[in-house]
Amino acid sequence: MNRFWLLLLALPLLVFGLIAIYSVWLINSGSPGNADFYWRRAKYESIVAKAKAGALTPGTQTQTTVDGFKVDIQRHQSGSYTVTITTLDLHHAGTYGYVFSDLPLTPHPNVHYPDFQEVDNPGDMPFADKRIAGQNGHWWSVYNNLN
């Protein structure tokens with residue numbers, strides 16, 4: 001009977017430990033999501049600031065590298081920016097990253113794959129994974145696993 005109680009007491013510690021290991025793996029893998037975003041938020045915001053400092057002509061877009069990340073930048077006719085940051089490129093296994101937009105983005109069905117949601121952003125990661133919590137639609141995690 002003592003082993004049963006010992007196991008019952010150890011179970012929450014085991015679950016907590018597994019959750020901690022999974023969280024550390026998510027953050028270190030570069031996989032986009034709330035944990036990675038908030039862990040590296042300052043870096044991603046700095047990339048957006050540097051991308052916007054290039055003062056792109058309204059109505060154009062470009063691709064560049066900022067701090068080692070592939071970045072697609074679009075400046076709308078209104079002057080607002082949308083910036084896509086590739087954080088993980090697994091080649092044929094997909095690409096993953098974030099989109100920042102001065103104006104909140106709203107997901108809608110993808111034209112070619114209506115079962116998948118997308119947000120309008122420059123680059124080759126149209127599919128919206130999730131809205132980053134607490135960012136009011138300005139930041140999204142995105143992906144393209146159809147390479």
# chains A, B, ... in the order shown; residues from 1 in each chain; ligands from 1
call {"tool": "residues_around", "arguments": {"residues": "segment 102-116 of chain A", "least_positions_apart": "4", "cutoff": "10 Å", "atoms": "only C-alpha atoms", "output": "list in words"}}
result
Arg75, Gly79, Ser80, Tyr81, Thr82, Val83, Asp120, Asn121, Pro126, Phe127, Ala128, Asp129, Lys130, Arg131, Gln135, Asn136, Gly137, His138, Trp139 and Trp140 of chain A
call {"tool": "closest_residue", "arguments": {"among": "A:Val142, A:Leu9, A:Ile132, A:Val66", "to": "Ser46 of chain A", "atoms": "only C-alpha atoms"}}
result
A:Val66
call {"tool": "atom_distance", "arguments": {"atom1": "atom CA of Glu45 of chain A", "atom2": "atom CA of Leu90 of chain A"}}
result
23.3 Å
call {"tool": "atom_distance", "arguments": {"atom1": "atom CA of Ile85 of chain A", "atom2": "atom CA of Phe69 of chain A"}}
result
6.6 Å
call {"tool": "select_by_dssp", "arguments": {"residues": "segment 16-134 of chain A", "states": "alpha helix (DSSP H)", "output": "PyMOL selection string"}}
result
chain A and resi 16-29+34-39+41-53
call {"tool": "select_by_dssp", "arguments": {"residues": "segment 2-116 of chain A", "states": "strand (DSSP E or B)", "output": "ChimeraX atom specification"}}
result
/A:60-66,69-75,81-89,95-101,108-109
call {"tool": "residues_around", "arguments": {"residues": "Thr60 of chain A", "least_positions_apart": "3", "cutoff": "9 Å", "atoms": "only C-alpha atoms", "output": "list in words"}}
result
Leu56, Thr57, Ile73, Gln74, Arg75, His76 and Gln77 of chain A
call {"tool": "write_last_selection", "arguments": {"atoms": "N, CA and C atoms", "output": "PDB file, in the first residue's frame"}}
result
ATOM      1  N   LEU A  56      10.772  50.910 -47.642  1.00  0.00           N
ATOM      2  CA  LEU A  56      10.328  50.395 -48.932  1.00  0.00           C
ATOM      3  C   LEU A  56       9.310  51.344 -49.560  1.00  0.00           C
ATOM      4  N   THR A  57       9.313  51.435 -50.866  1.00  0.00           N
ATOM      5  CA  THR A  57       8.341  52.261 -51.578  1.00  0.00           C
ATOM      6  C   THR A  57       6.946  51.653 -51.391  1.00  0.00           C
ATOM      7  N   ILE A  73       9.248  41.343 -46.812  1.00  0.00           N
ATOM      8  CA  ILE A  73       8.698  42.623 -46.365  1.00  0.00           C
ATOM      9  C   ILE A  73       7.761  43.166 -47.429  1.00  0.00           C
ATOM     10  N   GLN A  74       6.597  43.573 -47.011  1.00  0.00           N
ATOM     11  CA  GLN A  74       5.636  44.203 -47.916  1.00  0.00           C
ATOM     12  C   GLN A  74       5.196  45.528 -47.319  1.00  0.00           C
ATOM     13  N   ARG A  75       5.223  46.570 -48.160  1.00  0.00           N
ATOM     14  CA  ARG A  75       4.700  47.862 -47.731  1.00  0.00           C
ATOM     15  C   ARG A  75       3.483  48.162 -48.599  1.00  0.00           C
ATOM     16  N   HIS A  76       2.363  48.342 -47.948  1.00  0.00           N
ATOM     17  CA  HIS A  76       1.105  48.576 -48.640  1.00  0.00           C
ATOM     18  C   HIS A  76       1.017  50.028 -49.111  1.00  0.00           C
ATOM     19  N   GLN A  77       0.081  50.292 -50.017  1.00  0.00           N
ATOM     20  CA  GLN A  77      -0.113  51.648 -50.533  1.00  0.00           C
ATOM     21  C   GLN A  77      -0.370  52.647 -49.404  1.00  0.00           C
TER      22      GLN A  77
END
call {"tool": "residues_around", "arguments": {"residues": "Gly68 of chain A", "least_positions_apart": "4", "cutoff": "12 Å", "atoms": "only C-alpha atoms", "output": "short mmCIF file (atom, residue, chain, number, x, y, z; two decimals) with C-alpha atoms, in the first residue's frame"}}
result
data_model
loop_
_atom_site.label_atom_id
_atom_site.label_comp_id
_atom_site.auth_asym_id
_atom_site.auth_seq_id
_atom_site.Cartn_x
_atom_site.Cartn_y
_atom_site.Cartn_z
CA LYS A 43 14.57 39.57 -31.28
CA TYR A 44 11.49 39.30 -33.52
CA ILE A 47 13.83 42.22 -36.93
CA THR A 64 16.18 39.99 -47.47
CA ILE A 85 10.05 36.00 -40.64
CA THR A 86 11.17 32.44 -41.43
CA THR A 87 12.37 30.89 -38.17
CA LEU A 88 12.57 27.23 -39.18
#
